[in-house]
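start.tsv (TSV, C-alpha atoms)
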```tsv
chain	number	residue	atom	x	y	z
A	524	MET	CA	-2.69	10.40	-12.59
A	525	SER	CA	0.29	8.95	-14.42
A	526	VAL	CA	4.00	9.54	-14.14
A	527	VAL	CA	5.35	11.21	-17.28
A	528	GLN	CA	8.92	11.56	-16.04
A	529	LEU	CA	10.78	10.08	-13.07
A	530	ASN	CA	14.08	11.59	-11.92
A	531	ILE	CA	16.24	9.76	-9.37
A	532	VAL	CA	19.49	10.81	-7.70
A	533	ASN	CA	21.48	8.48	-5.42
A	534	PHE	CA	18.68	5.98	-4.80
A	535	ARG	CA	20.33	2.58	-4.23
A	536	ASN	CA	22.42	1.90	-7.37
A	537	LEU	CA	20.57	4.52	-9.44
A	538	THR	CA	22.99	7.43	-9.20
A	539	ASN	CA	21.49	9.82	-11.75
A	540	THR	CA	18.51	8.44	-13.64
A	541	SER	CA	15.71	9.93	-15.72
A	542	ILE	CA	12.91	7.85	-17.23
A	543	ASN	CA	10.05	8.92	-19.50
A	544	PHE	CA	7.16	6.53	-18.92
A	545	HIS	CA	4.27	5.41	-21.10
A	546	PRO	CA	0.83	6.43	-19.74
A	547	ASN	CA	-0.38	2.82	-19.87
A	548	LEU	CA	2.03	-0.09	-19.47
A	549	ASN	CA	5.72	0.06	-18.62
A	550	ILE	CA	7.89	-3.04	-18.39
A	551	ILE	CA	11.25	-3.04	-16.66
A	552	LEU	CA	13.52	-5.99	-17.41
A	553	GLY	CA	16.67	-6.87	-15.51
A	554	GLU	CA	18.55	-9.51	-13.56
A	555	ASN	CA	18.36	-9.70	-9.79
A	556	GLY	CA	20.32	-6.80	-8.30
A	557	SER	CA	20.28	-4.81	-11.56
A	558	GLY	CA	18.18	-1.98	-10.12
A	559	LYS	CA	14.78	-2.75	-11.66
A	560	SER	CA	13.01	-3.06	-8.29
A	561	SER	CA	14.70	0.14	-7.15
A	562	ILE	CA	12.75	2.09	-9.78
A	563	LEU	CA	9.47	0.89	-8.30
A	564	GLU	CA	10.82	1.49	-4.81
A	565	ALA	CA	11.69	5.10	-5.66
A	566	ILE	CA	8.13	5.83	-6.83
A	567	PHE	CA	6.73	4.17	-3.70
A	568	PHE	CA	9.15	6.19	-1.55
A	569	LEU	CA	7.89	9.41	-3.09
A	570	ALA	CA	4.25	8.49	-2.42
A	571	HIS	CA	4.72	7.12	1.10
A	572	GLY	CA	7.93	8.61	2.46
A	573	LYS	CA	9.31	5.15	3.14
A	574	SER	CA	10.54	2.03	1.37
A	575	PHE	CA	8.62	-1.21	1.00
A	576	ARG	CA	11.89	-3.16	1.34
A	577	THR	CA	13.58	-1.69	4.43
A	578	THR	CA	12.86	0.51	7.44
A	579	LYS	CA	16.39	2.00	7.37
A	580	VAL	CA	16.70	4.94	5.02
A	581	GLU	CA	20.50	4.66	5.03
A	582	ASN	CA	20.06	1.38	3.14
A	583	ILE	CA	18.47	3.08	0.15
A	584	VAL	CA	20.98	5.92	-0.28
A	585	CYS	CA	23.79	5.19	-2.75
A	586	HIS	CA	27.02	3.96	-1.19
A	587	GLU	CA	29.18	6.78	0.17
A	588	GLN	CA	26.48	9.37	-0.63
A	589	GLN	CA	24.58	11.46	1.92
A	590	LYS	CA	21.46	12.56	0.06
A	591	LEU	CA	18.85	11.02	-2.22
A	592	ILE	CA	16.31	12.80	-4.41
A	593	VAL	CA	13.21	11.49	-6.18
A	594	ASN	CA	11.10	13.73	-8.39
A	595	ILE	CA	8.22	13.07	-10.76
A	596	LYS	CA	6.23	15.08	-13.26
A	597	ASP	CA	2.68	13.99	-14.04
A	598	GLN	CA	0.49	14.41	-17.11
A	599	ALA	CA	-0.89	17.70	-15.72
A	600	GLU	CA	2.68	19.04	-15.44
A	601	ASN	CA	2.63	18.92	-11.66
A	602	SER	CA	5.97	18.30	-9.99
A	603	LEU	CA	6.30	16.24	-6.80
A	604	GLY	CA	9.62	15.79	-5.04
A	605	ILE	CA	11.15	14.25	-1.96
A	606	SER	CA	14.72	14.32	-0.70
A	607	ARG	CA	16.39	12.83	2.34
A	608	ASP	CA	19.69	14.04	3.78
A	609	LEU	CA	21.45	11.56	6.07
A	610	LEU	CA	23.95	14.12	7.34
A	611	THR	CA	21.31	16.54	8.66
A	612	ASN	CA	18.58	13.91	9.02
A	613	THR	CA	16.13	16.13	7.14
A	614	LEU	CA	13.27	15.22	4.85
A	615	VAL	CA	12.29	17.85	2.28
A	616	LEU	CA	8.98	17.64	0.42
A	617	LYS	CA	8.07	19.78	-2.58
A	618	LEU	CA	4.91	20.28	-4.58
A	619	ASN	CA	5.33	22.30	-7.78
A	620	LYS	CA	8.72	23.47	-6.45
A	621	HIS	CA	7.15	24.87	-3.26
A	622	ARG	CA	8.22	23.30	0.01
A	623	ILE	CA	5.46	21.62	2.03
A	624	VAL	CA	5.53	20.29	5.56
A	625	LYS	CA	3.29	17.24	5.74
A	626	LEU	CA	3.93	14.01	3.88
A	627	SER	CA	0.15	13.51	3.78
A	628	ASP	CA	-0.16	16.71	1.69
A	629	LEU	CA	2.23	15.22	-0.85
A	630	ALA	CA	0.52	11.82	-0.73
A	631	LYS	CA	-2.86	13.42	-1.54
A	632	ASN	CA	-1.49	14.18	-5.00
A	633	ILE	CA	-0.32	10.66	-5.81
A	634	ALA	CA	-1.96	7.29	-5.18
A	635	VAL	CA	0.34	4.30	-5.55
A	636	GLN	CA	-0.78	0.68	-5.22
A	637	ILE	CA	1.87	-2.03	-5.12
A	638	VAL	CA	2.28	-5.80	-5.21
A	639	THR	CA	5.74	-7.15	-4.34
A	640	PRO	CA	7.17	-10.28	-2.76
A	641	GLU	CA	6.77	-8.34	0.52
A	642	SER	CA	3.00	-8.15	-0.06
A	643	PHE	CA	2.64	-11.71	1.26
A	644	LYS	CA	3.02	-10.12	4.71
A	645	LEU	CA	-0.68	-9.41	4.37
A	646	PHE	CA	-1.13	-13.11	5.16
A	647	PHE	CA	1.85	-13.82	7.39
A	648	GLY	CA	2.77	-10.45	8.92
A	649	GLY	CA	-0.07	-10.25	11.41
A	650	PRO	CA	-2.90	-7.73	11.93
A	651	LYS	CA	-0.55	-4.74	11.62
A	652	GLU	CA	0.03	-5.45	7.91
A	653	ARG	CA	-3.69	-5.83	7.21
A	654	ARG	CA	-4.51	-2.63	9.10
A	655	ARG	CA	-1.88	-0.82	7.04
A	656	PHE	CA	-3.41	-2.04	3.78
A	657	ILE	CA	-6.99	-1.09	4.69
A	658	ASP	CA	-6.00	2.27	6.16
A	659	LEU	CA	-3.98	3.14	3.04
A	660	GLY	CA	-7.14	2.76	0.99
A	661	LEU	CA	-9.15	4.74	3.54
A	662	PHE	CA	-6.61	7.57	3.43
A	663	HIS	CA	-7.49	8.14	-0.22
A	664	VAL	CA	-11.20	7.21	-0.12
A	665	LYS	CA	-12.31	8.85	3.15
A	666	HIS	CA	-10.78	12.32	3.23
A	667	ASP	CA	-11.12	12.97	6.97
A	668	PHE	CA	-9.90	9.51	8.02
A	669	SER	CA	-6.28	10.62	8.31
A	670	ASN	CA	-7.20	13.34	10.83
A	671	LYS	CA	-9.37	10.95	12.82
A	672	TRP	CA	-6.60	8.36	12.96
A	673	SER	CA	-4.01	10.93	13.98
A	674	HIS	CA	-6.26	12.23	16.77
A	675	PHE	CA	-7.04	8.69	17.92
A	676	ASN	CA	-3.33	7.87	18.21
A	677	LYS	CA	-2.80	10.89	20.46
A	678	ILE	CA	-5.70	9.84	22.67
A	679	HIS	CA	-4.45	6.24	22.69
A	680	LYS	CA	-1.01	7.33	23.90
A	681	GLN	CA	-2.55	9.58	26.55
A	682	ARG	CA	-4.79	6.81	27.87
A	683	ASN	CA	-1.86	4.38	28.00
A	684	ALA	CA	0.10	7.00	29.96
A	685	CYS	CA	-2.82	7.28	32.41
A	686	LEU	CA	-2.85	3.52	32.87
A	687	ARG	CA	0.89	3.39	33.52
A	688	ASN	CA	0.93	6.35	35.89
A	689	LYS	CA	-2.04	5.18	37.98
A	690	VAL	CA	-3.98	8.46	37.65
A	691	SER	CA	-7.36	9.05	39.28
A	692	GLN	CA	-10.44	7.25	38.02
A	693	GLN	CA	-11.91	10.61	37.00
A	694	GLU	CA	-8.98	11.48	34.73
A	695	LEU	CA	-8.86	7.97	33.29
A	696	ALA	CA	-12.62	8.09	32.66
A	697	TYR	CA	-12.23	11.25	30.56
A	698	TRP	CA	-9.61	9.70	28.27
A	699	THR	CA	-11.57	6.43	28.15
A	700	ASN	CA	-14.62	8.29	26.80
A	701	GLU	CA	-12.52	10.07	24.20
A	702	PHE	CA	-10.83	6.79	23.30
A	703	CYS	CA	-14.19	5.04	22.84
A	704	ASN	CA	-15.68	7.87	20.78
A	705	TYR	CA	-12.82	7.91	18.28
A	706	SER	CA	-12.58	4.13	18.18
A	707	GLU	CA	-16.23	4.03	17.13
A	708	LEU	CA	-15.73	6.69	14.44
A	709	ILE	CA	-12.76	4.83	12.98
A	710	ALA	CA	-14.50	1.45	13.22
A	711	ASN	CA	-17.49	2.80	11.28
A	712	ASP	CA	-15.23	4.15	8.53
A	713	ARG	CA	-13.35	0.87	8.30
A	714	GLU	CA	-16.47	-1.27	8.26
A	715	CYS	CA	-17.99	0.79	5.47
A	716	TYR	CA	-14.76	0.59	3.47
A	717	VAL	CA	-14.33	-3.17	3.96
A	718	ASN	CA	-17.90	-3.73	2.72
A	719	GLN	CA	-17.16	-1.67	-0.39
A	720	LEU	CA	-13.91	-3.60	-0.87
A	721	LYS	CA	-15.76	-6.93	-0.67
A	722	LEU	CA	-18.06	-5.97	-3.52
A	723	GLU	CA	-15.27	-4.69	-5.73
A	724	LEU	CA	-13.03	-7.66	-4.92
A	725	THR	CA	-15.59	-10.11	-6.28
A	726	LYS	CA	-15.24	-8.58	-9.76
A	727	TRP	CA	-11.48	-9.10	-9.83
A	728	LEU	CA	-11.57	-12.56	-8.29
A	729	THR	CA	-13.92	-13.56	-11.11
A	730	ILE	CA	-11.08	-12.80	-13.53
A	731	LEU	CA	-8.07	-13.94	-11.52
A	732	LEU	CA	-9.43	-16.77	-9.33
A	733	PRO	CA	-12.80	-17.72	-10.85
A	734	GLN	CA	-12.89	-21.16	-9.24
A	735	LEU	CA	-12.67	-19.65	-5.75
A	736	THR	CA	-14.63	-16.42	-6.16
A	737	GLU	CA	-17.76	-17.53	-4.32
A	738	LYS	CA	-15.85	-19.47	-1.66
A	739	ILE	CA	-13.49	-16.82	-0.30
A	740	GLU	CA	-14.85	-14.89	2.67
A	741	ILE	CA	-13.66	-11.71	4.40
A	742	HIS	CA	-14.12	-11.35	8.14
A	743	TYR	CA	-13.93	-7.98	9.84
A	744	SER	CA	-13.06	-7.40	13.51
A	745	LYS	CA	-13.29	-3.81	14.73
A	746	GLY	CA	-10.95	-4.39	17.68
A	747	TRP	CA	-13.39	-5.50	20.37
A	748	SER	CA	-16.37	-7.84	20.69
A	749	SER	CA	-19.21	-6.91	18.37
A	750	LYS	CA	-21.63	-8.06	21.09
A	751	LYS	CA	-20.46	-5.43	23.57
A	752	LYS	CA	-19.87	-1.70	23.74
A	753	LEU	CA	-16.20	-0.77	23.86
A	754	PHE	CA	-16.71	1.23	27.06
A	755	ASP	CA	-18.09	-1.87	28.82
A	756	VAL	CA	-15.17	-3.98	27.56
A	757	LEU	CA	-12.67	-1.48	28.96
A	758	ILE	CA	-14.46	-1.29	32.30
A	759	GLU	CA	-14.36	-5.09	32.55
A	760	ASN	CA	-10.63	-5.05	31.79
A	761	ASN	CA	-9.86	-2.06	33.99
A	762	GLU	CA	-7.69	-3.85	36.55
A	763	ARG	CA	-5.85	-5.88	33.93
A	764	GLU	CA	-5.13	-2.77	31.87
A	765	ARG	CA	-3.77	-0.91	34.88
A	766	LEU	CA	-1.44	-3.81	35.60
A	767	LYS	CA	-0.22	-4.05	32.00
A	768	GLY	CA	-0.20	-0.31	31.33
A	769	TYR	CA	-1.86	-0.33	27.92
A	770	CYS	CA	-5.26	-0.52	26.20
A	771	SER	CA	-6.48	-4.06	25.62
A	772	ALA	CA	-9.18	-3.24	23.04
A	773	GLY	CA	-10.02	-0.46	20.61
A	774	ALA	CA	-9.51	0.71	17.04
A	775	HIS	CA	-5.79	-0.15	17.23
A	776	LYS	CA	-6.75	-3.84	17.47
A	777	PHE	CA	-8.70	-3.88	14.20
A	778	ASP	CA	-8.15	-6.84	11.87
A	779	VAL	CA	-9.54	-8.28	8.67
A	780	LYS	CA	-9.06	-11.93	7.75
A	781	PHE	CA	-9.51	-13.95	4.58
A	782	THR	CA	-10.82	-17.52	4.71
A	783	LEU	CA	-11.69	-20.42	2.45
A	784	HIS	CA	-13.95	-23.12	3.91
A	785	LYS	CA	-13.52	-21.40	7.30
A	786	GLN	CA	-9.75	-21.94	7.13
A	787	PRO	CA	-7.16	-19.15	6.83
A	788	LEU	CA	-6.77	-18.55	3.11
A	789	GLU	CA	-2.97	-18.81	3.12
A	790	LEU	CA	-3.15	-22.34	4.59
A	791	VAL	CA	-5.37	-23.85	1.89
A	792	ILE	CA	-4.31	-22.23	-1.39
A	793	SER	CA	-1.04	-22.34	-3.32
A	794	ARG	CA	1.58	-19.60	-3.40
A	795	GLY	CA	0.50	-18.70	-6.94
A	796	GLN	CA	-3.14	-18.43	-5.86
A	797	GLN	CA	-2.07	-16.26	-2.93
A	798	LYS	CA	-0.41	-13.87	-5.35
A	799	LEU	CA	-3.50	-13.76	-7.56
A	800	PHE	CA	-5.62	-12.97	-4.50
A	801	LEU	CA	-3.23	-10.17	-3.51
A	802	LEU	CA	-3.45	-8.79	-7.04
A	803	ALA	CA	-7.26	-8.94	-7.00
A	804	LEU	CA	-7.32	-7.19	-3.62
A	805	THR	CA	-4.94	-4.48	-4.84
A	806	PHE	CA	-6.94	-3.95	-8.06
A	807	ALA	CA	-10.15	-3.67	-6.02
A	808	GLN	CA	-8.58	-1.01	-3.79
A	809	ALA	CA	-7.24	0.86	-6.82
A	810	LYS	CA	-10.74	1.01	-8.30
A	811	LEU	CA	-12.26	2.31	-5.05
A	812	ILE	CA	-9.63	5.06	-4.94
A	813	GLU	CA	-10.32	5.96	-8.57
A	814	LYS	CA	-14.09	6.23	-7.97
A	815	VAL	CA	-13.63	8.71	-5.13
A	816	LYS	CA	-10.62	10.74	-6.30
A	817	GLN	CA	-11.55	10.59	-9.99
A	818	VAL	CA	-7.84	9.92	-10.51
A	819	LYS	CA	-6.41	6.60	-11.56
A	820	PRO	CA	-3.84	5.21	-9.10
A	821	ILE	CA	-0.43	4.10	-10.33
A	822	LEU	CA	0.04	0.34	-10.10
A	823	LEU	CA	3.46	-1.15	-9.33
A	824	ILE	CA	4.10	-4.90	-9.62
A	825	ASP	CA	7.55	-6.21	-8.73
A	826	ASP	CA	8.67	-9.51	-10.29
A	827	ILE	CA	5.40	-10.00	-12.12
A	828	GLY	CA	6.11	-13.53	-13.35
A	829	ALA	CA	7.08	-15.07	-10.00
A	830	GLU	CA	4.76	-17.84	-8.72
A	831	LEU	CA	2.44	-17.55	-11.74
A	832	ASP	CA	1.98	-20.14	-14.49
A	833	VAL	CA	1.05	-19.31	-18.08
A	834	ASN	CA	-2.71	-19.37	-17.45
A	835	SER	CA	-2.37	-17.14	-14.41
A	836	ARG	CA	-0.22	-14.66	-16.31
A	837	SER	CA	-2.84	-14.57	-19.09
A	838	ALA	CA	-5.58	-13.85	-16.54
A	839	LEU	CA	-3.40	-11.11	-15.03
A	840	ALA	CA	-2.85	-9.54	-18.46
A	841	LYS	CA	-6.62	-9.41	-19.00
A	842	ALA	CA	-7.15	-7.88	-15.54
A	843	LEU	CA	-4.51	-5.21	-16.14
A	844	GLU	CA	-6.17	-4.25	-19.40
A	845	LEU	CA	-9.52	-3.86	-17.63
A	846	LEU	CA	-7.99	-1.95	-14.74
A	847	SER	CA	-6.96	0.72	-17.23
A	848	CYS	CA	-4.41	2.66	-15.21
A	849	GLN	CA	-0.70	3.33	-15.54
A	850	SER	CA	1.16	0.15	-14.64
A	851	ILE	CA	4.88	-0.22	-14.03
A	852	VAL	CA	5.97	-3.83	-13.73
A	853	SER	CA	9.33	-5.54	-13.36
A	854	ALA	CA	10.44	-8.94	-14.59
A	855	ILE	CA	13.60	-10.99	-15.02
A	856	ASN	CA	12.91	-12.23	-18.53
A	857	LYS	CA	10.60	-11.64	-21.48
A	858	VAL	CA	9.06	-15.11	-21.31
A	859	ASP	CA	7.11	-14.11	-18.20
A	860	LEU	CA	5.74	-11.10	-20.08
A	861	ALA	CA	4.46	-12.81	-23.22
A	862	PRO	CA	0.72	-12.76	-22.29
A	863	LEU	CA	1.00	-9.17	-21.05
A	864	ILE	CA	2.65	-7.95	-24.25
A	865	ALA	CA	0.21	-9.89	-26.42
A	866	GLN	CA	-2.78	-8.36	-24.59
A	867	SER	CA	-1.34	-4.84	-24.97
A	868	GLU	CA	-0.62	-5.29	-28.64
A	869	LEU	CA	-4.25	-6.24	-29.33
A	870	GLY	CA	-5.16	-2.58	-29.09
A	871	ASN	CA	-1.99	-0.87	-30.22
A	872	LYS	CA	1.59	-1.99	-30.67
A	873	ASP	CA	2.68	1.32	-29.18
A	874	ASN	CA	0.60	0.73	-26.06
A	875	TYR	CA	3.60	0.07	-23.83
A	876	LYS	CA	7.26	0.80	-23.21
A	877	MET	CA	9.95	-1.68	-22.30
A	878	PHE	CA	13.13	-0.77	-20.44
A	879	HIS	CA	16.23	-2.79	-19.63
A	880	VAL	CA	18.25	-2.23	-16.47
A	881	LYS	CA	21.82	-3.42	-16.02
A	882	HIS	CA	24.08	-2.30	-13.16
A	883	GLY	CA	21.85	0.72	-12.55
A	884	GLU	CA	21.96	1.86	-16.19
A	885	ILE	CA	18.62	2.05	-18.04
A	886	SER	CA	18.02	1.67	-21.77
A	887	ILE	CA	14.87	1.35	-23.90
A	888	GLU	CA	14.29	-2.08	-25.44
```
Can you give me the file's structure in the form of structure tokens?
Amino acid sequence: MSVVQLNIVNFRNLTNTSINFHPNLNIILGENGSGKSSILEAIFFLAHGKSFRTTKVENIVCHEQQKLIVNIKDQAENSLGISRDLLTNTLVLKLNKHRIVKLSDLAKNIAVQIVTPESFKLFFGGPKERRRFIDLGLFHVKHDFSNKWSHFNKIHKQRNACLRNKVSQQELAYWTNEFCNYSELIANDRECYVNQLKLELTKWLTILLPQLTEKIEIHYSKGWSSKKKLFDVLIENNERERLKGYCSAGAHKFDVKFTLHKQPLELVISRGQQKLFLLALTFAQAKLIEKVKQVKPILLIDDIGAELDVNSRSALAKALELLSCQSIVSAINKVDLAPLIAQSELGNKDNYKMFHVKHGEISIE
């Protein structure tokens, strides 16, 4: 899909904003604090029900306002909307003007992939960040994964409660079996997805990091030793788990790591190369989503020129052209965008739109 029109009310410093986007490339220029990143954040908020910059919703509502609204219309004339009221603490979701209950039902209609300065958490934020990235892709690619994960979380909480409350071995055994069954189901889905991601990633690394393509490795850990059955691991840890009051192994411990010469990738490559890897990984996931949903994801890149030299920006411009989906990127100055604009103009000078943001006010360049 692509966003034809974005309407924003009281989102950070964007008090009442409407933007008509290009179906291919959209460039948003502006100084730090101008509101350019807030446009990307608003689209992300609609797709995920949360910000990529803060966990506190009160931080994204305009000063002295109580309610924010984000609405988009796509090329098929579908309307998706989300509003959050701080006074009543209510979240309202709408699809084609009809109220819906689940955020997942809204998210099924829009797939957003994003690369921001916060994306480096994939390296430094621990397993939780990497699980979030993989599971986001799985949500769109494997249609029943969301239900499996939701059910697993309920079982996980129940088993932890059993461990804390020192229930009978019989009751604990029941929840342990359920816990193991769903852990295996989720692990199988994740392993299959990671293998698909590896293959797709190679294509984008060839463009963005050709000198390292064959050297980067991805290691998958399902959350317990691959040499043992999860049930056996939990039995071995039974006494320790009862003392601690929580599960020591299972699908919630899943992780995926990236290495170069057997060293963590982030320790042996530059910041610019890290960003190129994150971009390649995001492009790979976007393509996997497109293959399954037959709908192109929307790509958001915040501060596109940061950490990248001229050659890297040229490689990125080529990759974006090949990705062939709606892209919305932000930048501080036009110099960072030169390769991107040149690549777009090869096909058609009207192949992109450029906007300028100043103090929350948006104009077309």
Subject >> Nearest candidate to A:Tyr769 (options A:Ala840, A:Cys685, A:Leu659, A:Ala829; using all atoms listed in the file) >> reply: A:Cys685
**OP:** Mind checking which residues fall within 12 Å of A:Pro862, counting all atoms listed in the file, ignoring those fewer than 2 positions away in the same chain, and posting them as a list in words?
**Re:**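 So, after excluding close chain neighbours, the residues are Ile827, Gly828, Leu831, Asp832, Val833, Asn834, Ser835, Arg836, Ser837, Ala838, Leu839, Ala840, Lys841, Ala842, Leu843, Glu844, Lys857, Val858, Asp859, Leu860, Ile864, Ala865, Gln866, Ser867, Glu868 and Leu869 of chain A.
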Within 10 Å of stretch 584-591 of chain A, counting all atoms listed in the file, which residues qualify if same-chain residues fewer than 6 places away don't, as a PDB file with C-alpha atoms, in the coordinates of the input?
```
ATOM      1  CA  ILE A 531      16.240   9.760  -9.370  1.00  0.00           C
ATOM      2  CA  VAL A 532      19.490  10.810  -7.700  1.00  0.00           C
ATOM      3  CA  ASN A 533      21.480   8.480  -5.420  1.00  0.00           C
ATOM      4  CA  PHE A 534      18.680   5.980  -4.800  1.00  0.00           C
ATOM      5  CA  ARG A 535      20.330   2.580  -4.230  1.00  0.00           C
ATOM      6  CA  ASN A 536      22.420   1.900  -7.370  1.00  0.00           C
ATOM      7  CA  LEU A 537      20.570   4.520  -9.440  1.00  0.00           C
ATOM      8  CA  THR A 538      22.990   7.430  -9.200  1.00  0.00           C
ATOM      9  CA  ASN A 539      21.490   9.820 -11.750  1.00  0.00           C
ATOM     10  CA  ALA A 565      11.690   5.100  -5.660  1.00  0.00           C
ATOM     11  CA  ILE A 605      11.150  14.250  -1.960  1.00  0.00           C
ATOM     12  CA  SER A 606      14.720  14.320  -0.700  1.00  0.00           C
ATOM     13  CA  ARG A 607      16.390  12.830   2.340  1.00  0.00           C
ATOM     14  CA  ASP A 608      19.690  14.040   3.780  1.00  0.00           C
ATOM     15  CA  LEU A 609      21.450  11.560   6.070  1.00  0.00           C
ATOM     16  CA  LEU A 610      23.950  14.120   7.340  1.00  0.00           C
ATOM     17  CA  THR A 611      21.310  16.540   8.660  1.00  0.00           C
ATOM     18  CA  ASN A 612      18.580  13.910   9.020  1.00  0.00           C
ATOM     19  CA  THR A 613      16.130  16.130   7.140  1.00  0.00           C
ATOM     20  CA  LEU A 614      13.270  15.220   4.850  1.00  0.00           C
TER      21      LEU A 614
END
```
Original post:
So which one's closest to A:Ser673, A:Ile709, A:Ile550, A:Leu811, A:Ile583? Using all atoms listed in the file, please.
Top reply: A:Ile709
**OP:** Using all atoms listed in the file, pick whichever of A:Asn555, A:Gln796, A:Asn676, A:Gln849 has the shortest atom-to-atom distance to A:Gln734.
**Re:** A:Gln796
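Distance-wise, atom CA of A:Glu652 and atom CA of A:Lys573 end up 14.9 Å apart.
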Subject >> One-decimal distance in Å that lies between atom CA of A:Glu789 and atom CA of A:Leu552 >> reply: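 Value for the atom CA of A:Leu552-atom CA of A:Glu789 distance: 29.3 Å.
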**OP:** Could you tell me how far atom CA of A:Arg765 lies from atom CA of A:Arg687, in Å and to one decimal?
**Re:** 6.5 Å
**OP:** Around the point (1.6, 17.9, -17.2) in the file's coordinates, collect all residues with an atom within 12 Å, using only C-alpha atoms, and return them as number ranges by chain.
**Re:** A: 524-528, 546, 595-603, 619
**OP:** List the neighbours of A:Glu764 out to 9 Å using all atoms listed in the file; skip same-chain residues closer than 4 positions along the sequence, and give me the result as number ranges by chain.
**Re:** A: 683, 686-687, 757, 760, 768-771
Original post:
Which of these residues is nearest to A:Phe754, using all atoms listed in the file: A:Leu645, A:Ile678, A:Val779, A:Ala696?
Top reply: A:Ala696
**OP:** Please determine the residues with any atom at most 10 Å from (2.2, 16.5, 0.5) (coordinates as given in the file, with only C-alpha atoms counting) and report them as a list in words.
**Re:**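 All residues meeting the 10 Å criterion around (2.2, 16.5, 0.5) are Leu569, Ala570, His571, Gly572, Leu603, Gly604, Ile605, Leu616, Lys617, Leu618, Arg622, Ile623, Val624, Lys625, Leu626, Ser627, Asp628, Leu629, Ala630, Lys631, Asn632 and Ile633 of chain A.
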**OP:** Identify which of the residues A:Ile887, A:Leu753, A:Ile739, A:Met877 lies closest to A:Pro787, counting all atoms listed in the file when measuring atom-to-atom distances.
**Re:**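 Looking only at the distances to A:Pro787, the closest residue turns out to be A:Ile739.
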